[in-house]
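Structure file query_25.tsv (TSV, C-alpha atoms) is printed below.
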```
chain	number	residue	atom	x	y	z
P	162	MET	CA	97.05	56.41	106.44
P	163	ASP	CA	99.18	58.56	108.71
P	164	ALA	CA	98.83	62.28	107.94
P	165	LYS	CA	102.60	62.76	107.95
P	166	ALA	CA	102.98	60.00	105.39
P	167	LEU	CA	100.32	61.57	103.22
P	168	ALA	CA	102.16	64.87	103.31
P	169	ARG	CA	105.52	63.53	102.18
P	170	PRO	CA	106.59	64.96	98.85
P	171	GLY	CA	105.14	63.01	95.94
P	172	ARG	CA	107.49	61.56	93.33
P	173	LYS	CA	104.99	61.74	90.49
P	174	ALA	CA	104.11	65.19	89.15
P	175	PRO	CA	100.57	66.17	90.17
P	176	ALA	CA	99.25	66.80	86.65
P	177	ALA	CA	100.18	63.24	85.70
P	178	ALA	CA	98.24	62.09	88.77
P	179	GLY	CA	95.14	64.03	87.66
P	180	TYR	CA	95.54	67.22	89.70
P	181	ARG	CA	95.12	70.83	88.60
P	182	LEU	CA	95.07	74.30	90.12
P	183	PRO	CA	91.43	75.47	90.03
P	184	ALA	CA	90.23	78.99	89.31
P	185	GLU	CA	89.59	81.21	92.31
P	186	TRP	CA	85.84	81.42	91.64
P	187	GLU	CA	85.41	77.65	91.89
P	188	PRO	CA	83.87	76.50	95.22
P	189	HIS	CA	86.02	76.86	98.32
P	190	GLU	CA	86.14	74.77	101.46
P	191	ALA	CA	87.92	77.58	103.29
P	192	THR	CA	90.04	80.70	103.05
P	193	TRP	CA	93.36	80.95	104.89
P	194	ILE	CA	94.60	84.24	106.35
P	195	GLY	CA	97.53	85.09	108.60
P	196	TRP	CA	96.29	87.27	111.44
P	197	PRO	CA	98.51	90.40	111.42
P	198	HIS	CA	101.30	90.67	113.96
P	199	ASN	CA	104.41	92.08	112.23
P	200	LYS	CA	104.20	95.81	112.83
P	201	SER	CA	107.10	96.48	110.47
P	202	ASP	CA	104.77	95.71	107.57
P	203	TRP	CA	102.70	98.80	108.44
P	204	PRO	CA	105.13	101.11	110.25
P	205	GLY	CA	103.18	103.76	112.11
P	206	LYS	CA	99.86	102.44	110.78
P	207	PHE	CA	99.43	99.05	112.42
P	208	GLY	CA	96.55	100.10	114.70
P	209	PRO	CA	93.70	99.88	112.16
P	210	ILE	CA	95.01	96.79	110.36
P	211	PRO	CA	93.39	94.09	112.55
P	212	TRP	CA	90.06	95.86	112.07
P	213	VAL	CA	90.45	95.73	108.29
P	214	TYR	CA	91.16	92.01	108.63
P	215	GLY	CA	88.00	91.74	110.71
P	216	GLU	CA	85.93	93.23	107.88
P	217	ILE	CA	87.56	90.88	105.38
P	218	ALA	CA	86.91	87.84	107.58
P	219	ARG	CA	83.27	88.86	108.10
P	220	ALA	CA	82.61	89.01	104.36
P	221	ILE	CA	84.37	85.71	103.68
P	222	ALA	CA	82.77	83.85	106.61
P	223	ALA	CA	79.32	84.49	105.12
P	224	GLY	CA	80.04	81.70	102.65
P	225	GLU	CA	82.90	79.55	103.93
P	226	THR	CA	85.22	78.76	106.81
P	227	VAL	CA	88.04	81.17	107.58
P	228	ARG	CA	91.24	79.46	108.75
P	229	ALA	CA	93.38	81.99	110.62
P	230	LEU	CA	97.05	81.55	111.44
P	231	VAL	CA	98.02	82.93	114.85
P	232	GLU	CA	101.26	83.11	116.79
P	233	SER	CA	100.12	82.11	120.26
P	234	LYS	CA	97.21	81.74	122.66
P	235	ALA	CA	97.37	85.48	123.39
P	236	HIS	CA	97.44	86.36	119.69
P	237	GLU	CA	94.40	84.15	119.12
P	238	ALA	CA	92.56	85.82	121.99
P	239	SER	CA	93.29	89.23	120.48
P	240	ALA	CA	92.02	88.07	117.08
P	241	ARG	CA	88.86	86.67	118.66
P	242	ARG	CA	88.12	90.01	120.33
P	243	VAL	CA	88.47	91.92	117.07
P	244	LEU	CA	86.41	89.41	115.10
P	245	SER	CA	83.66	89.34	117.72
P	246	ARG	CA	83.42	93.13	117.82
P	247	ALA	CA	83.36	93.18	114.01
P	248	GLY	CA	80.29	90.95	114.03
P	249	VAL	CA	81.98	87.83	112.69
P	250	ASP	CA	80.33	84.49	113.47
P	251	LEU	CA	83.18	82.79	115.34
P	252	VAL	CA	81.71	79.39	114.52
P	253	ARG	CA	83.02	80.00	111.00
P	254	ILE	CA	86.58	80.74	112.19
P	255	GLU	CA	89.22	78.08	112.83
P	256	PHE	CA	92.55	79.02	114.42
P	257	PHE	CA	95.91	77.37	113.77
P	258	ARG	CA	98.94	78.25	115.88
P	259	PHE	CA	101.51	78.24	113.11
P	260	PRO	CA	104.23	80.86	113.63
P	261	THR	CA	104.78	83.15	110.64
P	262	ASP	CA	107.12	85.96	109.74
P	263	ARG	CA	104.52	88.06	107.96
P	264	GLY	CA	100.88	87.87	106.96
P	265	TRP	CA	100.93	87.59	103.17
P	266	THR	CA	99.46	84.09	103.01
P	267	ARG	CA	98.84	84.20	99.26
P	268	ASP	CA	102.56	84.13	98.59
P	269	SER	CA	103.91	81.85	101.32
P	270	GLY	CA	101.07	79.33	101.53
P	271	PRO	CA	100.58	76.20	99.42
P	272	ALA	CA	98.99	75.93	96.00
P	273	PHE	CA	95.89	73.82	96.72
P	274	LEU	CA	95.10	71.31	93.98
P	275	VAL	CA	92.00	69.30	93.04
P	276	ASP	CA	91.79	66.07	91.07
P	277	GLY	CA	88.15	65.25	90.33
P	278	VAL	CA	87.97	62.22	92.63
P	279	GLY	CA	88.00	63.90	96.04
P	280	ARG	CA	91.66	63.71	96.99
P	281	GLY	CA	93.41	66.68	98.60
P	282	ALA	CA	96.91	67.75	97.59
P	283	ILE	CA	99.20	70.75	97.40
P	284	ALA	CA	102.02	71.85	95.15
P	285	ARG	CA	104.84	72.78	97.52
P	286	PHE	CA	106.80	75.65	96.01
P	287	GLY	CA	109.69	77.33	97.76
P	288	PHE	CA	109.39	80.78	99.32
P	289	SER	CA	112.31	83.22	99.60
P	290	GLY	CA	110.71	86.39	100.95
P	291	TRP	CA	110.18	87.67	97.39
P	292	SER	CA	113.99	87.44	97.07
P	293	ARG	CA	114.02	90.79	98.84
P	294	TYR	CA	113.44	90.33	102.60
P	295	ASP	CA	115.35	88.26	105.14
P	296	ASP	CA	112.41	87.33	107.40
P	297	PHE	CA	110.84	84.39	105.57
P	298	ARG	CA	111.98	81.12	107.14
P	299	LYS	CA	108.85	80.59	109.24
P	300	ASP	CA	106.66	81.47	106.27
P	301	ALA	CA	108.56	78.98	104.10
P	302	LYS	CA	107.41	76.16	106.40
P	303	LEU	CA	103.71	76.92	105.94
P	304	PRO	CA	102.97	74.55	103.02
P	305	ASP	CA	104.33	71.53	104.90
P	306	ARG	CA	102.56	72.49	108.13
P	307	ILE	CA	99.24	72.90	106.36
P	308	ALA	CA	99.62	69.69	104.35
P	309	ARG	CA	100.38	67.69	107.49
P	310	THR	CA	97.45	69.21	109.35
P	311	LEU	CA	94.98	68.48	106.56
P	312	GLY	CA	96.47	65.09	105.67
P	313	PHE	CA	97.09	66.25	102.10
P	314	ARG	CA	99.62	64.83	99.71
P	315	ALA	CA	102.45	67.30	99.08
P	316	PHE	CA	104.17	67.46	95.69
P	317	ARG	CA	107.55	69.17	95.91
P	318	ALA	CA	107.65	71.52	92.92
P	319	ALA	CA	111.11	71.05	91.50
P	320	LEU	CA	113.08	71.21	88.29
P	321	SER	CA	116.14	68.96	88.05
P	322	ASP	CA	115.83	68.28	91.80
P	323	ARG	CA	115.95	72.00	92.65
P	324	GLN	CA	112.86	73.32	94.37
P	325	VAL	CA	111.19	76.10	92.40
P	326	VAL	CA	110.38	79.34	94.19
P	327	LEU	CA	106.98	80.78	93.28
P	328	GLU	CA	104.60	83.12	95.09
P	329	GLY	CA	100.86	82.79	94.64
P	330	GLY	CA	100.49	86.42	93.61
P	331	ALA	CA	102.85	85.86	90.67
P	332	ILE	CA	100.26	83.80	88.78
P	333	ASP	CA	96.54	83.63	88.07
P	334	VAL	CA	94.65	80.80	86.34
P	335	ASN	CA	91.32	80.14	84.65
P	336	GLY	CA	91.16	76.54	85.87
P	337	GLN	CA	90.94	75.28	82.28
P	338	GLY	CA	94.63	75.22	81.43
P	339	SER	CA	95.64	78.87	81.02
P	340	LEU	CA	97.84	80.92	83.36
P	341	VAL	CA	98.87	84.58	83.29
P	342	THR	CA	102.10	85.93	84.76
P	343	THR	CA	104.74	88.60	84.09
P	344	GLU	CA	108.25	88.49	82.71
P	345	GLU	CA	109.32	91.15	85.19
P	346	CYS	CA	108.60	88.89	88.15
P	347	LEU	CA	109.86	85.55	86.86
P	348	LEU	CA	112.39	86.27	84.11
P	349	ASP	CA	114.32	89.37	85.22
P	350	PRO	CA	117.93	88.11	85.53
P	351	ASN	CA	119.08	90.92	87.84
P	352	VAL	CA	116.33	92.02	90.24
P	353	GLN	CA	114.72	89.83	92.92
P	354	VAL	CA	115.72	86.66	91.10
P	355	ARG	CA	113.68	83.74	92.48
P	356	ASN	CA	115.18	80.94	90.41
P	357	PRO	CA	118.56	81.81	88.90
P	358	GLY	CA	119.03	80.34	85.44
P	359	MET	CA	115.40	79.35	84.90
P	360	ALA	CA	114.09	80.29	81.47
P	361	ARG	CA	110.59	80.75	80.08
P	362	ARG	CA	110.38	77.15	78.88
P	363	ASP	CA	111.44	75.91	82.33
P	364	TYR	CA	108.62	77.78	84.04
P	365	GLU	CA	106.16	76.52	81.44
P	366	ARG	CA	107.23	72.96	82.15
P	367	VAL	CA	106.81	73.49	85.90
P	368	PHE	CA	103.36	75.05	85.39
P	369	ARG	CA	102.37	72.10	83.21
P	370	ASP	CA	103.62	69.39	85.54
P	371	PHE	CA	102.63	70.88	88.89
P	372	LEU	CA	99.58	73.04	88.15
P	373	GLY	CA	98.01	71.34	85.13
P	374	VAL	CA	98.61	74.40	82.92
P	375	SER	CA	99.07	73.96	79.18
P	376	ASN	CA	99.04	77.61	78.10
P	377	VAL	CA	100.96	80.55	79.60
P	378	LEU	CA	100.16	84.19	78.87
P	379	TRP	CA	103.33	86.22	79.47
P	380	LEU	CA	102.72	89.88	80.23
P	381	SER	CA	105.51	92.42	80.58
P	382	ARG	CA	105.64	94.44	83.80
P	383	GLY	CA	103.66	95.14	86.95
P	384	ILE	CA	102.79	98.48	88.54
P	385	ALA	CA	104.79	101.16	90.29
P	386	GLY	CA	105.29	100.74	94.02
P	387	ASP	CA	105.07	96.94	93.94
P	388	ASP	CA	107.87	95.53	96.09
P	389	THR	CA	107.36	92.06	94.59
P	390	HIS	CA	108.76	93.27	91.25
P	391	GLY	CA	105.83	92.47	89.02
P	392	HIS	CA	103.14	90.35	90.65
P	393	VAL	CA	100.34	89.80	88.19
P	394	ASP	CA	97.56	90.00	90.79
P	395	ASP	CA	97.93	93.80	90.77
P	396	ILE	CA	97.40	94.15	87.02
P	397	CYS	CA	95.52	91.27	85.36
P	398	ARG	CA	93.10	88.66	86.72
P	399	PHE	CA	90.92	85.95	85.25
P	400	VAL	CA	87.24	86.53	85.99
P	401	GLY	CA	85.95	83.67	83.85
P	402	PRO	CA	87.29	80.87	81.64
P	403	ARG	CA	87.70	83.26	78.68
P	404	THR	CA	87.79	86.68	80.35
P	405	VAL	CA	90.37	88.77	82.18
P	406	VAL	CA	90.22	92.18	83.77
P	407	LEU	CA	93.25	94.29	82.89
P	408	CYS	CA	94.23	97.49	84.64
P	409	HIS	CA	94.25	100.59	82.48
P	410	GLU	CA	95.87	103.92	83.33
P	411	GLU	CA	94.32	106.64	81.23
P	412	ASN	CA	96.82	109.36	82.16
P	413	PRO	CA	99.74	109.12	79.68
P	414	ALA	CA	101.99	111.00	82.11
P	415	ASP	CA	101.56	108.40	84.83
P	416	GLU	CA	104.43	105.90	85.15
P	417	ASN	CA	101.96	103.00	84.95
P	418	HIS	CA	100.52	104.06	81.59
P	419	ARG	CA	103.14	102.60	79.25
P	420	PRO	CA	103.62	99.22	80.99
P	421	LEU	CA	99.87	98.65	81.18
P	422	GLU	CA	99.46	99.61	77.51
P	423	GLU	CA	102.16	97.12	76.59
P	424	ASN	CA	100.29	94.43	78.50
P	425	ARG	CA	97.11	95.35	76.63
P	426	GLU	CA	98.89	95.06	73.30
P	427	ARG	CA	100.23	91.64	74.21
P	428	LEU	CA	96.86	90.32	75.34
P	429	GLU	CA	95.24	91.39	72.08
P	430	GLY	CA	97.40	88.86	70.23
P	431	MET	CA	97.15	86.03	72.75
P	432	ARG	CA	95.01	82.92	72.74
P	433	LEU	CA	93.65	80.68	75.47
P	434	GLU	CA	94.27	76.96	75.86
P	435	ASN	CA	91.43	76.20	73.41
P	436	GLY	CA	92.60	78.69	70.79
P	437	ALA	CA	89.99	81.32	71.65
P	438	LYS	CA	90.91	84.99	71.95
P	439	VAL	CA	91.18	86.45	75.41
P	440	GLU	CA	88.22	88.66	76.29
P	441	VAL	CA	89.63	91.75	77.99
P	442	VAL	CA	87.64	94.05	80.29
P	443	PHE	CA	89.42	97.19	81.42
P	444	LEU	CA	89.62	98.06	85.10
P	445	PRO	CA	90.60	101.63	86.02
P	446	MET	CA	93.55	102.51	88.18
P	447	PRO	CA	92.93	104.68	91.24
P	448	SER	CA	94.69	108.02	91.43
P	449	PRO	CA	98.30	107.68	92.60
P	450	LEU	CA	98.46	107.04	96.33
P	451	PHE	CA	101.49	108.04	98.38
P	452	PHE	CA	102.47	107.71	102.02
P	453	ASP	CA	105.65	108.99	103.62
P	454	GLY	CA	106.94	109.94	100.16
P	455	ARG	CA	106.50	106.46	98.68
P	456	ARG	CA	104.12	105.49	95.92
P	457	LEU	CA	101.95	102.56	96.96
P	458	PRO	CA	100.74	99.67	94.74
P	459	ALA	CA	97.07	100.61	94.93
P	460	SER	CA	95.08	98.52	92.45
P	461	TYR	CA	91.51	97.30	92.16
P	462	ALA	CA	92.84	94.10	90.55
P	463	ASN	CA	93.94	92.88	93.99
P	464	PHE	CA	90.40	91.64	94.71
P	465	TYR	CA	89.56	88.24	96.18
P	466	VAL	CA	86.78	85.93	94.97
P	467	ALA	CA	85.20	84.15	97.95
P	468	ASN	CA	82.17	81.86	97.87
P	469	ALA	CA	79.69	84.52	98.96
P	470	ALA	CA	81.39	87.73	97.84
P	471	VAL	CA	84.06	89.41	95.78
P	472	LEU	CA	86.13	91.60	98.10
P	473	VAL	CA	87.58	94.65	96.34
P	474	PRO	CA	90.09	97.13	97.79
P	475	THR	CA	88.90	100.74	97.71
P	476	PHE	CA	90.94	103.89	98.18
P	477	ASN	CA	88.63	106.86	98.86
P	478	ASP	CA	88.86	107.50	95.13
P	479	LEU	CA	86.27	108.62	92.60
P	480	LYS	CA	87.05	105.48	90.60
P	481	ASP	CA	86.13	103.17	93.48
P	482	ARG	CA	82.51	103.09	92.35
P	483	VAL	CA	83.48	102.49	88.71
P	484	ALA	CA	85.66	99.50	89.62
P	485	LEU	CA	82.99	98.01	91.89
P	486	GLY	CA	80.42	98.38	89.12
P	487	ILE	CA	82.61	96.65	86.54
P	488	LEU	CA	83.27	93.71	88.84
P	489	ALA	CA	79.59	93.50	89.82
P	490	GLU	CA	78.72	93.01	86.14
P	491	LEU	CA	81.30	90.25	85.83
P	492	PHE	CA	80.40	88.41	89.08
P	493	ARG	CA	76.62	88.38	89.08
P	494	ASP	CA	76.40	85.27	91.25
P	495	ARG	CA	77.83	86.90	94.40
P	496	ALA	CA	77.96	90.25	96.14
P	497	VAL	CA	80.77	92.67	95.33
P	498	VAL	CA	81.99	94.27	98.56
P	499	GLY	CA	84.35	97.21	98.85
P	500	ILE	CA	86.95	97.03	101.63
P	501	HIS	CA	88.66	100.27	102.67
P	502	ALA	CA	92.34	99.64	101.90
P	503	VAL	CA	94.14	102.99	102.25
P	504	ASP	CA	95.79	101.82	105.47
P	505	LEU	CA	96.18	98.24	104.28
P	506	VAL	CA	98.12	99.14	101.13
P	507	TRP	CA	100.83	100.81	103.23
P	508	GLY	CA	101.92	97.19	103.76
P	509	LEU	CA	102.46	97.08	99.95
P	510	GLY	CA	99.64	94.63	99.39
P	511	THR	CA	95.90	94.35	99.89
P	512	ILE	CA	93.13	91.76	99.89
P	513	HIS	CA	94.32	89.17	97.39
P	514	CYS	CA	97.81	89.22	98.87
P	515	LEU	CA	96.62	88.25	102.34
P	516	THR	CA	94.05	85.57	101.42
P	517	LEU	CA	94.48	82.03	100.09
P	518	GLN	CA	91.63	79.84	98.90
P	519	GLN	CA	91.42	76.15	99.76
P	520	PRO	CA	89.15	74.66	97.07
P	521	ARG	CA	86.42	72.22	97.89
P	522	LYS	CA	87.41	68.70	96.99
P	523	GLU	CA	85.82	67.57	93.75
P	524	THR	CA	83.62	64.51	93.91
P	525	PRO	CA	83.67	61.82	91.21
P	526	SER	CA	81.25	62.56	88.37
```

Here is a file; write its structure as structure tokens.
Amino acid sequence: MDAKALARPGRKAPAAAGYRLPAEWEPHEATWIGWPHNKSDWPGKFGPIPWVYGEIARAIAAGETVRALVESKAHEASARRVLSRAGVDLVRIEFFRFPTDRGWTRDSGPAFLVDGVGRGAIARFGFSGWSRYDDFRKDAKLPDRIARTLGFRAFRAALSDRQVVLEGGAIDVNGQGSLVTTEECLLDPNVQVRNPGMARRDYERVFRDFLGVSNVLWLSRGIAGDDTHGHVDDICRFVGPRTVVLCHEENPADENHRPLEENRERLEGMRLENGAKVEVVFLPMPSPLFFDGRRLPASYANFYVANAAVLVPTFNDLKDRVALGILAELFRDRAVVGIHAVDLVWGLGTIHCLTLQQPRKETPS
């Protein structure tokens, strides 16, 4: 069948067709990244950023293909030079000349689905630049471009014929039917409103129909400095079917202390899709990090689970080693690798924000 035909929006909701959004630790075919090019994301600090991407790509390529989005032939050549000098096996890198506005692929890319019988599909959510920035129209085309290239079926995520806007960093799943998100990001009626008029039950219906999610864990707020207004991938992440890591700020005078304590209190009373209690492991917060007078959203929870490694942002902080040790105990089947992210976080995001997993297609059992 023609790839363009395969990528046309599906009329049947993906969950009804047997699809689900898998957990990040399930096997990947590839990881997508957008090679950095927008210097306004890191004003005055862009120079080291491609080299940080090189380190990230090297760790990921040890276990899977890296699919890098580039702007042009010259941009690809520049990326190749950095990757080669960083010791990356270029056989494991595939380049796609898809123009983008910015490099936060987690939020603008598609939600890759699996169905148990080896078919590829995506849930095609809308993207509005976090309802904050004007430069997003190229990024908004990414899901369709990727679906056409891969020959994947594309399900247009909509409610009452209106496409639903959702960034990948706003949610996290255990692959078994549970999803965690925040009210601040999705339900605030006044700030960075992605879907005006959508209520909690509307989101839960969309998550059920398009991601195969039957159980939603609603946390309260995200962390200070986060320009997404509450992305959950900076505060709480699934690390197993029954277990989450939750950021904890021990200093009661820090502005993150109360919101994170409220999230802890909520999780203590929550249940998973099977009725089991959520197992919570606390992850420390690094000391507050500022640049040019602005607090940055530095968080160890913005890690990425690749096939061969768990990549964790580090911040030249005494708690770096503690966070790496906690995650090493939770992910004993792969290496836990620290990635220096002091420069990276000036872009207001780190490793999870710039990566997007493409799961391996499931084969019939």

- Query: Leaving out P:Ser375 and any residue of its chain fewer than 3 positions from it, which residues lie within 9 Å of it when counting all atoms listed in the file, given as a list in words?
  - Reply: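 Everything that qualifies: Gln337, Gly338, Ser339, Leu340, Glu365, Arg366, Phe368, Arg369 and Glu434 of chain P.
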
- 8 Å contact set for P:Leu488, all atoms listed in the file, chain neighbours under 4 positions out, as number ranges by chain: P: 484, 492, 497

Output for the residues just chosen: C-alpha atoms as a compact mmCIF listing (two decimals), in the frame of the given file:
```txt
# COMPACT_ATOMS: atom_id res chain seq x y z
CA ALA P 484 85.66 99.50 89.62
CA PHE P 492 80.40 88.41 89.08
CA VAL P 497 80.77 92.67 95.33
```

- Among the residues P:Leu244, P:Ala282, P:Gly215, P:Gly208, the one that comes closest to P:Lys522 [using all atoms listed in the file]: P:Ala282

- Message: Which residues are near stretch 297-309 of chain P? Cut-off 8 Å, only C-alpha atoms, ignore same chain within fewer than 5 positions. Put them as a list in words.
- Response: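 Listed by chain and then number, they are Ala164, Lys165, Leu167, Ala168, Phe259, Pro260, Thr261, Asp262, Arg263, Ser269, Gly270, Pro271, Ala282, Ile283, Arg285, Gly287, Phe288, Ser289, Gly290, Arg314 and Ala315 of chain P.
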
- Could you jot down the atom CA of P:Val249 to atom CA of P:Arg482 separation for me, Å, one decimal place?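 Between atom CA of P:Val249 and atom CA of P:Arg482 the gap works out to 25.4 Å.
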
- Would you please work out which residue, of P:Ala284, P:Glu190, P:Leu444, P:Asn463, is nearest to P:Ala318 when using only C-alpha atoms?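 Of P:Ala284, P:Glu190, P:Leu444, P:Asn463, the one nearest P:Ala318, counting only C-alpha atoms, is P:Ala284.
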
- Message: So the first atom is atom CA of P:Gly281 and the second is atom CA of P:Trp186; what is the distance between them in Å, to one decimal place?
- Response: 18.0 Å

- Task: Rank P:Cys346, P:Val367, P:Ala178, P:Val471 by their smallest atom-to-atom distance to P:Arg382, using all atoms listed in the file, and report the top residue only.
- Result: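 Among P:Cys346, P:Val367, P:Ala178, P:Val471, it is P:Cys346 that comes nearest to P:Arg382.
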
- Message: Restricting the calculation to all atoms listed in the file: of P:Phe273, P:Trp291, P:Trp507, P:Tyr214, which residue gets closest to P:Asp388?
- Response: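 Closest to P:Asp388, using all atoms listed in the file: P:Trp291.
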
- Message: Give me, as a VMD selection string, all polymer residues having an atom no more than 8 Å from stretch 412-429 of chain P, counting all atoms listed in the file and skipping those fewer than 3 positions away in the same chain.
- Response: chain P and resid 378 380 to 385 396 407 to 409 438 to 439 441

- Query: Expressed in Å to a single decimal, how great is the separation between atom CA of P:Val498 and atom CA of P:Ala470?
  - Reply: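 If I compute the distance from atom CA of P:Val498 to atom CA of P:Ala470, I get 6.6 Å.
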